[in-house]
$ cat work13.pdb   # PDB, C-alpha atoms and all ligand atoms
MODEL        1
ATOM      1  CA  MET J   1      -4.376 197.544  99.742  1.00  0.00           C
ATOM      2  CA  ALA J   2      -4.007 200.787  97.891  1.00  0.00           C
ATOM      3  CA  TYR J   3      -0.565 202.211  97.162  1.00  0.00           C
ATOM      4  CA  GLU J   4      -0.179 205.271  99.329  1.00  0.00           C
ATOM      5  CA  LEU J   5       1.352 208.514  98.166  1.00  0.00           C
ATOM      6  CA  PRO J   6       4.384 208.828 100.444  1.00  0.00           C
ATOM      7  CA  THR J   7       5.075 212.157 102.083  1.00  0.00           C
ATOM      8  CA  LEU J   8       8.253 213.790 100.825  1.00  0.00           C
ATOM      9  CA  PRO J   9      11.282 212.638 102.860  1.00  0.00           C
ATOM     10  CA  TYR J  10      12.146 216.339 103.474  1.00  0.00           C
ATOM     11  CA  ASP J  11      10.387 219.682 103.710  1.00  0.00           C
ATOM     12  CA  TYR J  12       9.114 221.370 100.524  1.00  0.00           C
ATOM     13  CA  THR J  13      11.733 224.105 100.956  1.00  0.00           C
ATOM     14  CA  ALA J  14      14.580 221.715 101.824  1.00  0.00           C
ATOM     15  CA  LEU J  15      16.068 221.492  98.330  1.00  0.00           C
ATOM     16  CA  GLU J  16      16.083 225.243  97.696  1.00  0.00           C
ATOM     17  CA  PRO J  17      17.643 227.040  95.943  1.00  0.00           C
ATOM     18  CA  HIS J  18      18.256 224.087  93.607  1.00  0.00           C
ATOM     19  CA  ILE J  19      14.682 222.818  93.423  1.00  0.00           C
ATOM     20  CA  SER J  20      12.002 225.257  94.542  1.00  0.00           C
ATOM     21  CA  LYS J  21       9.078 224.754  96.890  1.00  0.00           C
ATOM     22  CA  SER J  22       6.814 225.435  93.904  1.00  0.00           C
ATOM     23  CA  THR J  23       8.347 222.646  91.859  1.00  0.00           C
ATOM     24  CA  LEU J  24       8.049 220.164  94.725  1.00  0.00           C
ATOM     25  CA  GLU J  25       4.456 221.202  95.432  1.00  0.00           C
ATOM     26  CA  PHE J  26       3.384 220.696  91.829  1.00  0.00           C
ATOM     27  CA  HIS J  27       5.556 217.658  91.271  1.00  0.00           C
ATOM     28  CA  HIS J  28       4.620 215.762  94.434  1.00  0.00           C
ATOM     29  CA  ASP J  29       1.137 217.033  95.264  1.00  0.00           C
ATOM     30  CA  LYS J  30      -0.207 217.147  91.699  1.00  0.00           C
ATOM     31  CA  HIS J  31       1.847 214.941  89.344  1.00  0.00           C
ATOM     32  CA  HIS J  32       2.864 212.152  91.715  1.00  0.00           C
ATOM     33  CA  ALA J  33      -0.501 212.198  93.517  1.00  0.00           C
ATOM     34  CA  ALA J  34      -2.326 211.815  90.190  1.00  0.00           C
ATOM     35  CA  TYR J  35      -0.247 208.780  89.142  1.00  0.00           C
ATOM     36  CA  VAL J  36      -0.926 207.120  92.498  1.00  0.00           C
ATOM     37  CA  SER J  37      -4.627 207.798  92.422  1.00  0.00           C
ATOM     38  CA  LYS J  38      -5.056 206.675  88.795  1.00  0.00           C
ATOM     39  CA  PHE J  39      -3.097 203.492  89.509  1.00  0.00           C
ATOM     40  CA  ASN J  40      -5.264 202.698  92.545  1.00  0.00           C
ATOM     41  CA  ASP J  41      -8.452 203.347  90.567  1.00  0.00           C
ATOM     42  CA  ALA J  42      -7.272 201.097  87.719  1.00  0.00           C
ATOM     43  CA  VAL J  43      -6.406 198.077  89.894  1.00  0.00           C
ATOM     44  CA  LYS J  44      -9.319 198.363  92.301  1.00  0.00           C
ATOM     45  CA  GLY J  45     -11.142 195.035  92.452  1.00  0.00           C
ATOM     46  CA  THR J  46      -8.465 193.215  90.388  1.00  0.00           C
ATOM     47  CA  ASP J  47      -5.781 190.697  91.462  1.00  0.00           C
ATOM     48  CA  LEU J  48      -3.174 193.428  91.268  1.00  0.00           C
ATOM     49  CA  GLU J  49      -4.816 195.410  94.053  1.00  0.00           C
ATOM     50  CA  SER J  50      -3.415 193.134  96.755  1.00  0.00           C
ATOM     51  CA  GLN J  51       0.095 192.834  95.289  1.00  0.00           C
ATOM     52  CA  PRO J  52       3.142 194.976  95.932  1.00  0.00           C
ATOM     53  CA  ILE J  53       3.389 197.702  93.307  1.00  0.00           C
ATOM     54  CA  GLU J  54       6.672 196.209  92.009  1.00  0.00           C
ATOM     55  CA  ALA J  55       4.767 193.012  91.133  1.00  0.00           C
ATOM     56  CA  ALA J  56       2.069 195.058  89.406  1.00  0.00           C
ATOM     57  CA  ILE J  57       4.709 196.896  87.345  1.00  0.00           C
ATOM     58  CA  LYS J  58       6.291 193.613  86.226  1.00  0.00           C
ATOM     59  CA  ALA J  59       2.910 192.019  85.498  1.00  0.00           C
ATOM     60  CA  LEU J  60       1.692 194.977  83.416  1.00  0.00           C
ATOM     61  CA  ALA J  61       4.915 195.561  81.434  1.00  0.00           C
ATOM     62  CA  GLY J  62       4.508 194.959  77.717  1.00  0.00           C
ATOM     63  CA  ASN J  63       0.722 194.550  77.912  1.00  0.00           C
ATOM     64  CA  ALA J  64      -0.511 196.996  75.272  1.00  0.00           C
ATOM     65  CA  GLU J  65      -4.086 196.906  76.537  1.00  0.00           C
ATOM     66  CA  LYS J  66      -2.924 197.866  80.030  1.00  0.00           C
ATOM     67  CA  ALA J  67      -0.394 200.496  78.984  1.00  0.00           C
ATOM     68  CA  GLY J  68      -2.207 203.235  80.896  1.00  0.00           C
ATOM     69  CA  THR J  69      -2.219 201.240  84.127  1.00  0.00           C
ATOM     70  CA  PHE J  70       1.441 200.319  83.647  1.00  0.00           C
ATOM     71  CA  ASN J  71       2.343 203.978  83.126  1.00  0.00           C
ATOM     72  CA  ASN J  72       0.590 205.059  86.310  1.00  0.00           C
ATOM     73  CA  ALA J  73       2.047 202.169  88.345  1.00  0.00           C
ATOM     74  CA  ALA J  74       5.583 202.812  87.142  1.00  0.00           C
ATOM     75  CA  GLN J  75       5.276 206.580  87.578  1.00  0.00           C
ATOM     76  CA  ALA J  76       3.940 206.096  91.134  1.00  0.00           C
ATOM     77  CA  TRP J  77       6.999 203.938  91.936  1.00  0.00           C
ATOM     78  CA  ASN J  78       9.527 206.050  89.988  1.00  0.00           C
ATOM     79  CA  HIS J  79       8.600 209.245  91.809  1.00  0.00           C
ATOM     80  CA  THR J  80       8.852 207.679  95.270  1.00  0.00           C
ATOM     81  CA  PHE J  81      12.299 206.425  94.242  1.00  0.00           C
ATOM     82  CA  TYR J  82      13.244 209.844  92.879  1.00  0.00           C
ATOM     83  CA  TRP J  83      12.356 211.710  96.102  1.00  0.00           C
ATOM     84  CA  ASN J  84      14.666 209.370  97.978  1.00  0.00           C
ATOM     85  CA  SER J  85      17.403 209.803  95.367  1.00  0.00           C
ATOM     86  CA  MET J  86      17.824 213.410  96.547  1.00  0.00           C
ATOM     87  CA  LYS J  87      18.471 215.034  99.901  1.00  0.00           C
ATOM     88  CA  PRO J  88      19.257 218.485 101.279  1.00  0.00           C
ATOM     89  CA  ASN J  89      23.037 219.089 101.132  1.00  0.00           C
ATOM     90  CA  GLY J  90      23.441 216.078  98.880  1.00  0.00           C
ATOM     91  CA  GLY J  91      25.743 215.697  95.925  1.00  0.00           C
ATOM     92  CA  GLY J  92      29.428 215.012  95.798  1.00  0.00           C
ATOM     93  CA  MET J  93      31.005 211.593  95.870  1.00  0.00           C
ATOM     94  CA  PRO J  94      29.771 208.252  97.160  1.00  0.00           C
ATOM     95  CA  THR J  95      31.817 206.400  99.786  1.00  0.00           C
ATOM     96  CA  GLY J  96      32.677 202.813 100.736  1.00  0.00           C
ATOM     97  CA  GLU J  97      31.729 199.816  98.604  1.00  0.00           C
ATOM     98  CA  LEU J  98      29.689 201.848  96.146  1.00  0.00           C
ATOM     99  CA  ALA J  99      32.609 204.204  95.477  1.00  0.00           C
ATOM    100  CA  LYS J 100      34.885 201.216  94.823  1.00  0.00           C
ATOM    101  CA  LYS J 101      32.332 199.564  92.549  1.00  0.00           C
ATOM    102  CA  ILE J 102      31.792 202.761  90.549  1.00  0.00           C
ATOM    103  CA  GLU J 103      35.544 202.983  89.995  1.00  0.00           C
ATOM    104  CA  ALA J 104      35.748 199.319  89.028  1.00  0.00           C
ATOM    105  CA  ASP J 105      32.767 199.336  86.654  1.00  0.00           C
ATOM    106  CA  PHE J 106      33.052 202.806  85.070  1.00  0.00           C
ATOM    107  CA  GLY J 107      36.809 203.418  85.396  1.00  0.00           C
ATOM    108  CA  SER J 108      36.360 206.475  87.632  1.00  0.00           C
ATOM    109  CA  PHE J 109      33.695 208.547  89.345  1.00  0.00           C
ATOM    110  CA  GLU J 110      34.152 211.200  86.637  1.00  0.00           C
ATOM    111  CA  LYS J 111      33.371 208.658  83.924  1.00  0.00           C
ATOM    112  CA  PHE J 112      30.231 207.586  85.788  1.00  0.00           C
ATOM    113  CA  ALA J 113      29.168 211.248  86.142  1.00  0.00           C
ATOM    114  CA  GLU J 114      29.747 211.854  82.433  1.00  0.00           C
ATOM    115  CA  ALA J 115      27.652 208.790  81.495  1.00  0.00           C
ATOM    116  CA  PHE J 116      24.850 209.831  83.866  1.00  0.00           C
ATOM    117  CA  LYS J 117      24.775 213.408  82.538  1.00  0.00           C
ATOM    118  CA  THR J 118      24.766 212.156  78.954  1.00  0.00           C
ATOM    119  CA  ALA J 119      21.922 209.724  79.673  1.00  0.00           C
ATOM    120  CA  GLY J 120      19.820 212.512  81.192  1.00  0.00           C
ATOM    121  CA  ALA J 121      20.622 215.050  78.514  1.00  0.00           C
ATOM    122  CA  THR J 122      20.063 212.712  75.560  1.00  0.00           C
ATOM    123  CA  GLN J 123      16.781 211.174  76.732  1.00  0.00           C
ATOM    124  CA  PHE J 124      14.605 212.620  73.969  1.00  0.00           C
ATOM    125  CA  GLY J 125      11.356 213.952  75.396  1.00  0.00           C
ATOM    126  CA  SER J 126      10.250 212.641  78.792  1.00  0.00           C
ATOM    127  CA  GLY J 127      11.933 209.966  80.846  1.00  0.00           C
ATOM    128  CA  TRP J 128      14.440 209.013  83.495  1.00  0.00           C
ATOM    129  CA  ALA J 129      18.175 208.453  83.977  1.00  0.00           C
ATOM    130  CA  TRP J 130      19.220 205.612  86.283  1.00  0.00           C
ATOM    131  CA  LEU J 131      22.147 204.010  88.031  1.00  0.00           C
ATOM    132  CA  VAL J 132      21.318 200.298  88.145  1.00  0.00           C
ATOM    133  CA  LEU J 133      22.892 197.019  89.104  1.00  0.00           C
ATOM    134  CA  ASP J 134      22.631 194.731  86.071  1.00  0.00           C
ATOM    135  CA  GLY J 135      23.746 191.268  87.133  1.00  0.00           C
ATOM    136  CA  ASP J 136      27.002 192.056  88.922  1.00  0.00           C
ATOM    137  CA  THR J 137      27.744 195.254  87.036  1.00  0.00           C
ATOM    138  CA  LEU J 138      26.759 198.867  87.600  1.00  0.00           C
ATOM    139  CA  ARG J 139      25.316 200.561  84.546  1.00  0.00           C
ATOM    140  CA  VAL J 140      23.840 203.925  83.638  1.00  0.00           C
ATOM    141  CA  THR J 141      20.611 203.663  81.678  1.00  0.00           C
ATOM    142  CA  LYS J 142      17.839 205.920  80.479  1.00  0.00           C
ATOM    143  CA  THR J 143      14.180 205.048  80.065  1.00  0.00           C
ATOM    144  CA  LEU J 144      11.368 206.623  78.073  1.00  0.00           C
ATOM    145  CA  ASN J 145       8.259 208.070  79.728  1.00  0.00           C
ATOM    146  CA  ALA J 146       7.298 205.770  82.633  1.00  0.00           C
ATOM    147  CA  ASP J 147       9.613 202.853  81.820  1.00  0.00           C
ATOM    148  CA  ASN J 148      11.475 201.364  84.705  1.00  0.00           C
ATOM    149  CA  PRO J 149      14.551 199.084  84.996  1.00  0.00           C
ATOM    150  CA  LEU J 150      12.637 196.589  87.199  1.00  0.00           C
ATOM    151  CA  THR J 151      11.068 195.249  84.006  1.00  0.00           C
ATOM    152  CA  ASN J 152      14.585 194.470  82.652  1.00  0.00           C
ATOM    153  CA  ASN J 153      15.538 192.576  85.818  1.00  0.00           C
ATOM    154  CA  GLN J 154      17.879 195.372  86.822  1.00  0.00           C
ATOM    155  CA  VAL J 155      18.095 196.707  90.371  1.00  0.00           C
ATOM    156  CA  PRO J 156      17.643 200.493  90.458  1.00  0.00           C
ATOM    157  CA  LEU J 157      20.070 202.276  92.792  1.00  0.00           C
ATOM    158  CA  LEU J 158      19.334 205.885  91.907  1.00  0.00           C
ATOM    159  CA  THR J 159      17.149 207.871  89.522  1.00  0.00           C
ATOM    160  CA  MET J 160      16.763 211.360  88.093  1.00  0.00           C
ATOM    161  CA  ASP J 161      13.482 212.573  86.605  1.00  0.00           C
ATOM    162  CA  VAL J 162      14.093 214.389  83.307  1.00  0.00           C
ATOM    163  CA  TRP J 163      10.451 215.106  82.483  1.00  0.00           C
ATOM    164  CA  GLU J 164      10.118 218.869  81.986  1.00  0.00           C
ATOM    165  CA  HIS J 165       7.820 219.133  85.016  1.00  0.00           C
ATOM    166  CA  ALA J 166      10.812 218.160  87.200  1.00  0.00           C
ATOM    167  CA  TYR J 167      12.874 221.212  86.302  1.00  0.00           C
ATOM    168  CA  TYR J 168      11.029 223.685  84.084  1.00  0.00           C
ATOM    169  CA  LEU J 169       9.954 226.169  86.797  1.00  0.00           C
ATOM    170  CA  ASP J 170      13.529 226.379  88.096  1.00  0.00           C
ATOM    171  CA  TYR J 171      15.662 225.849  84.985  1.00  0.00           C
ATOM    172  CA  GLN J 172      13.265 226.421  82.044  1.00  0.00           C
ATOM    173  CA  ASN J 173      14.791 224.734  78.983  1.00  0.00           C
ATOM    174  CA  LYS J 174      18.226 224.285  80.577  1.00  0.00           C
ATOM    175  CA  ARG J 175      18.017 220.587  81.342  1.00  0.00           C
ATOM    176  CA  PRO J 176      21.842 220.213  81.488  1.00  0.00           C
ATOM    177  CA  ASP J 177      21.975 222.778  84.339  1.00  0.00           C
ATOM    178  CA  TYR J 178      19.392 220.801  86.313  1.00  0.00           C
ATOM    179  CA  ILE J 179      21.370 217.596  85.723  1.00  0.00           C
ATOM    180  CA  GLU J 180      24.634 219.217  86.815  1.00  0.00           C
ATOM    181  CA  THR J 181      22.927 220.490  89.988  1.00  0.00           C
ATOM    182  CA  PHE J 182      21.348 217.101  90.669  1.00  0.00           C
ATOM    183  CA  LEU J 183      24.803 215.498  90.764  1.00  0.00           C
ATOM    184  CA  SER J 184      26.673 218.263  92.562  1.00  0.00           C
ATOM    185  CA  LYS J 185      24.073 219.377  95.137  1.00  0.00           C
ATOM    186  CA  LEU J 186      21.188 216.929  95.449  1.00  0.00           C
ATOM    187  CA  VAL J 187      22.046 213.305  94.852  1.00  0.00           C
ATOM    188  CA  ASN J 188      21.564 211.103  97.926  1.00  0.00           C
ATOM    189  CA  TRP J 189      24.417 208.579  97.815  1.00  0.00           C
ATOM    190  CA  ASP J 190      23.302 207.055 101.143  1.00  0.00           C
ATOM    191  CA  PHE J 191      20.142 205.851  99.398  1.00  0.00           C
ATOM    192  CA  ALA J 192      22.129 204.286  96.547  1.00  0.00           C
ATOM    193  CA  VAL J 193      24.450 202.602  99.080  1.00  0.00           C
ATOM    194  CA  GLN J 194      21.421 201.100 100.875  1.00  0.00           C
ATOM    195  CA  ASN J 195      19.959 199.853  97.594  1.00  0.00           C
ATOM    196  CA  LEU J 196      23.259 198.244  96.607  1.00  0.00           C
ATOM    197  CA  ALA J 197      23.577 196.574 100.016  1.00  0.00           C
ATOM    198  CA  ALA J 198      20.022 195.200  99.728  1.00  0.00           C
ATOM    199  CA  ALA J 199      20.493 193.925  96.149  1.00  0.00           C
TER     200      ALA J 199
HETATM  201 MN   MN3 J 201       8.028 213.622  87.445  1.00  0.00          MN
ENDMDL
END

$ encode --input "work13.pdb" --output "structure tokens"
Amino acid sequence: MAYELPTLPYDYTALEPHISKSTLEFHHDKHHAAYVSKFNDAVKGTDLESQPIEAAIKALAGNAEKAGTFNNAAQAWNHTFYWNSMKPNGGGMPTGELAKKIEADFGSFEKFAEAFKTAGATQFGSGWAWLVLDGDTLRVTKTLNADNPLTNNQVPLLTMDVWEHAYYLDYQNKRPDYIETFLSKLVNWDFAVQNLAAA
């Protein structure tokens, strides 16, 4: 069963003015679509074709000969996760259990936000910043290119794409401005709460 490109969970204009229709059209319809289609082509007729994409990502991780397939699998998954990590009128503070756990594990929401911004800003080149559950503890991590916390046995709760294609049309070289906006206006805490509850 091929992995299907999901439709965006909101309209292409829904994140404006923070992320433009143009960015979402290129990012979803071109970049994400290409990862999905290349992944499906690569696993067609193999054992991985019938497995959930998470299993394919774990099976392909660290296999140098299959690095291209791993990259497309992980990027297909990462982007679906990223769309859900944002919502119109998002941002602000989490509530409930997640808010308490952020305070317990980071010291305060502000300290979490600082760690997340630093992870995004200091990821050299292309990659991702994440909030993950690592064992019983929340952590902020960053990954290079397509890499994904699933391969470290961590449970992703939230992600932010810091590849230039995610922000360049709207923010040009000002990655820190995109990151600030992601946290203050876009982040979908409901999604992170659901992922924590399911972990
Ligand atoms: Mn991207």

$ residues_near_ligand --input "work13.pdb" --ligand "ligand MN3 201 (chain J)" --cutoff "7 Å" --atoms "all atoms listed in the file" --output "PDB file with C-alpha atoms, in the coordinates of the input"
ATOM      1  CA  HIS J  27       5.556 217.658  91.271  1.00  0.00           C
ATOM      2  CA  HIS J  31       1.847 214.941  89.344  1.00  0.00           C
ATOM      3  CA  HIS J  32       2.864 212.152  91.715  1.00  0.00           C
ATOM      4  CA  HIS J  79       8.600 209.245  91.809  1.00  0.00           C
ATOM      5  CA  ASP J 161      13.482 212.573  86.605  1.00  0.00           C
ATOM      6  CA  TRP J 163      10.451 215.106  82.483  1.00  0.00           C
ATOM      7  CA  HIS J 165       7.820 219.133  85.016  1.00  0.00           C
ATOM      8  CA  ALA J 166      10.812 218.160  87.200  1.00  0.00           C
TER       9      ALA J 166
END

$ resolve_selection --input "work13.pdb" --expression "the PyMOL selection byres (((chain J and resi 160) around 9) and not hetatm)" --output "compact mmCIF listing (two decimals) with C-alpha atoms, in the frame of the given file"
# COMPACT_ATOMS: atom_id res chain seq x y z
CA TYR J 82 13.24 209.84 92.88
CA SER J 85 17.40 209.80 95.37
CA MET J 86 17.82 213.41 96.55
CA GLY J 120 19.82 212.51 81.19
CA GLY J 127 11.93 209.97 80.85
CA TRP J 128 14.44 209.01 83.50
CA ALA J 129 18.18 208.45 83.98
CA TRP J 130 19.22 205.61 86.28
CA LEU J 158 19.33 205.88 91.91
CA THR J 159 17.15 207.87 89.52
CA ASP J 161 13.48 212.57 86.60
CA VAL J 162 14.09 214.39 83.31
CA ILE J 179 21.37 217.60 85.72
CA PHE J 182 21.35 217.10 90.67
CA VAL J 187 22.05 213.30 94.85

$ residues_around --input "work13.pdb" --residues "Lys174 of chain J" --least-positions-apart "5" --cutoff "10 Å" --atoms "only C-alpha atoms" --output "mmCIF file with C-alpha atoms, keeping the file's coordinate frame"
data_model
loop_
_atom_site.group_PDB
_atom_site.id
_atom_site.type_symbol
_atom_site.label_atom_id
_atom_site.label_comp_id
_atom_site.auth_asym_id
_atom_site.auth_seq_id
_atom_site.Cartn_x
_atom_site.Cartn_y
_atom_site.Cartn_z
ATOM 1 C CA ALA J 121 20.622 215.050 78.514
ATOM 2 C CA GLU J 164 10.118 218.869 81.986
ATOM 3 C CA TYR J 167 12.874 221.212 86.302
ATOM 4 C CA TYR J 168 11.029 223.685 84.084
ATOM 5 C CA ILE J 179 21.370 217.596 85.723
#

$ resolve_selection --input "work13.pdb" --expression "the PyMOL selection byres (((chain J and resi 69) around 9) and not hetatm)" --output "VMD selection string"
chain J and resid 38 to 39 42 to 43 57 60 65 to 68 70 to 74

$ atom_distance --input "work13.pdb" --atom1 "atom CA of Thr23 of chain J" --atom2 "atom CA of Leu169 of chain J"
6.4 Å

$ closest_residue --input "work13.pdb" --among "J:Tyr12, J:Trp189, J:Phe26, J:Tyr3" --to "Ile102 of chain J" --atoms "all atoms listed in the file"
J:Trp189

$ residues_around --input "work13.pdb" --residues "Ala198 of chain J" --least-positions-apart "6" --cutoff "10 Å" --atoms "all atoms listed in the file" --output "JSON list (two decimals) with C-alpha atoms, in the frame of the given file"
[["chain", "number", "residue", "atom", "x", "y", "z"],
["J", 155, "VAL", "CA", 18.10, 196.71, 90.37],
["J", 157, "LEU", "CA", 20.07, 202.28, 92.79],
["J", 192, "ALA", "CA", 22.13, 204.29, 96.55]]

$ residues_around --input "work13.pdb" --residues "Glu49 of chain J" --least-positions-apart "5" --cutoff "8 Å" --atoms "only C-alpha atoms" --output "ChimeraX atom specification"
/J:1-2,40,43-44

$ atom_distance --input "work13.pdb" --atom1 "atom CA of Asp147 of chain J" --atom2 "atom CA of Asn78 of chain J"
8.8 Å

$ atom_distance --input "work13.pdb" --atom1 "atom CA of Trp77 of chain J" --atom2 "atom CA of Pro52 of chain J"
10.5 Å

$ closest_residue --input "work13.pdb" --among "J:Asp29, J:Gln123, J:Thr181, J:Pro156" --to "Asn195 of chain J" --atoms "all atoms listed in the file"
J:Pro156

$ closest_residue --input "work13.pdb" --among "J:Gln75, J:Lys117, J:Leu138, J:Leu150" --to "Pro176 of chain J" --atoms "all atoms listed in the file"
J:Lys117

$ closest_residue --input "work13.pdb" --among "J:Phe109, J:Phe116, J:Tyr171, J:Tyr10" --to "Asn84 of chain J" --atoms "all atoms listed in the file"
J:Tyr10

$ closest_residue --input "work13.pdb" --among "J:Ala146, J:Ala76, J:Ala119, J:Leu24" --to "Leu131 of chain J" --atoms "only C-alpha atoms"
J:Ala119

$ closest_residue --input "work13.pdb" --among "J:Thr141, J:Ser50, J:Ser37, J:Thr80" --to "Thr7 of chain J" --atoms "all atoms listed in the file"
J:Thr80

$ residues_around --input "work13.pdb" --residues "Leu186 of chain J" --least-positions-apart "5" --cutoff "8 Å" --atoms "all atoms listed in the file" --output "list in words"
Leu15, His18, Met86, Lys87, Pro88, Asn89, Gly90, Gly91 and Thr181 of chain J

$ build_atoms --input "work13.pdb" --residues "segment 168-176 of chain J" --atoms "all heavy atoms" --output "CSV table (one decimal), keeping the file's coordinate frame"
chain,number,residue,atom,x,y,z
J,168,TYR,N,11.3,222.5,84.9
J,168,TYR,CA,11.0,223.7,84.1
J,168,TYR,C,10.8,225.0,84.9
J,168,TYR,O,11.3,226.1,84.4
J,168,TYR,CB,9.8,223.4,83.2
J,168,TYR,CG,10.0,224.2,81.9
J,168,TYR,CD1,10.7,223.7,80.8
J,168,TYR,CD2,9.4,225.4,81.7
J,168,TYR,CE1,10.9,224.4,79.6
J,168,TYR,CE2,9.6,226.2,80.6
J,168,TYR,CZ,10.3,225.7,79.5
J,168,TYR,OH,10.5,226.4,78.4
J,169,LEU,N,10.2,224.9,86.0
J,169,LEU,CA,10.0,226.2,86.8
J,169,LEU,C,11.3,226.8,87.3
J,169,LEU,O,11.4,228.0,87.4
J,169,LEU,CB,9.1,225.9,88.0
J,169,LEU,CG,7.6,225.5,87.8
J,169,LEU,CD1,6.9,225.2,89.1
J,169,LEU,CD2,6.9,226.6,87.0
J,170,ASP,N,12.2,225.9,87.5
J,170,ASP,CA,13.5,226.4,88.1
J,170,ASP,C,14.6,226.6,87.0
J,170,ASP,O,15.5,227.4,87.2
J,170,ASP,CB,14.0,225.4,89.1
J,170,ASP,CG,13.1,225.2,90.3
J,170,ASP,OD1,12.5,226.2,90.7
J,170,ASP,OD2,12.9,224.1,90.7
J,171,TYR,N,14.6,225.8,86.0
J,171,TYR,CA,15.7,225.8,85.0
J,171,TYR,C,15.2,226.1,83.6
J,171,TYR,O,16.0,226.2,82.7
J,171,TYR,CB,16.4,224.5,85.0
J,171,TYR,CG,17.1,224.2,86.3
J,171,TYR,CD1,16.4,223.6,87.3
J,171,TYR,CD2,18.4,224.6,86.6
J,171,TYR,CE1,17.0,223.3,88.6
J,171,TYR,CE2,19.0,224.4,87.8
J,171,TYR,CZ,18.3,223.7,88.8
J,171,TYR,OH,18.9,223.5,90.0
J,172,GLN,N,13.9,226.3,83.4
J,172,GLN,CA,13.3,226.4,82.0
J,172,GLN,C,13.8,225.3,81.1
J,172,GLN,O,13.8,224.2,81.5
J,172,GLN,CB,13.5,227.8,81.5
J,172,GLN,CG,12.7,228.9,82.2
J,172,GLN,CD,13.3,229.2,83.6
J,172,GLN,OE1,14.5,229.5,83.6
J,172,GLN,NE2,12.5,229.2,84.7
J,173,ASN,N,14.4,225.7,80.0
J,173,ASN,CA,14.8,224.7,79.0
J,173,ASN,C,16.2,224.2,79.3
J,173,ASN,O,16.7,223.4,78.5
J,173,ASN,CB,14.7,225.3,77.6
J,173,ASN,CG,15.6,226.5,77.4
J,173,ASN,OD1,15.8,227.3,78.4
J,173,ASN,ND2,16.2,226.7,76.3
J,174,LYS,N,16.8,224.6,80.4
J,174,LYS,CA,18.2,224.3,80.6
J,174,LYS,C,18.4,223.0,81.3
J,174,LYS,O,18.8,222.9,82.5
J,174,LYS,CB,18.9,225.4,81.3
J,174,LYS,CG,18.9,226.7,80.5
J,174,LYS,CD,19.9,227.8,81.0
J,174,LYS,CE,19.3,228.6,82.1
J,174,LYS,NZ,18.3,229.6,81.8
J,175,ARG,N,17.9,221.9,80.7
J,175,ARG,CA,18.0,220.6,81.3
J,175,ARG,C,19.4,220.3,81.8
J,175,ARG,O,19.6,219.7,82.9
J,175,ARG,CB,17.5,219.5,80.4
J,175,ARG,CG,17.3,218.1,81.1
J,175,ARG,CD,17.1,217.0,80.2
J,175,ARG,NE,15.8,216.9,79.6
J,175,ARG,CZ,15.3,215.9,78.9
J,175,ARG,NH1,16.1,214.8,78.7
J,175,ARG,NH2,14.1,215.9,78.4
J,176,PRO,N,20.5,220.5,81.0
J,176,PRO,CA,21.8,220.2,81.5
J,176,PRO,C,22.2,220.9,82.8
J,176,PRO,O,22.9,220.3,83.6
J,176,PRO,CB,22.7,220.7,80.3
J,176,PRO,CG,21.9,220.6,79.1
J,176,PRO,CD,20.5,221.0,79.6
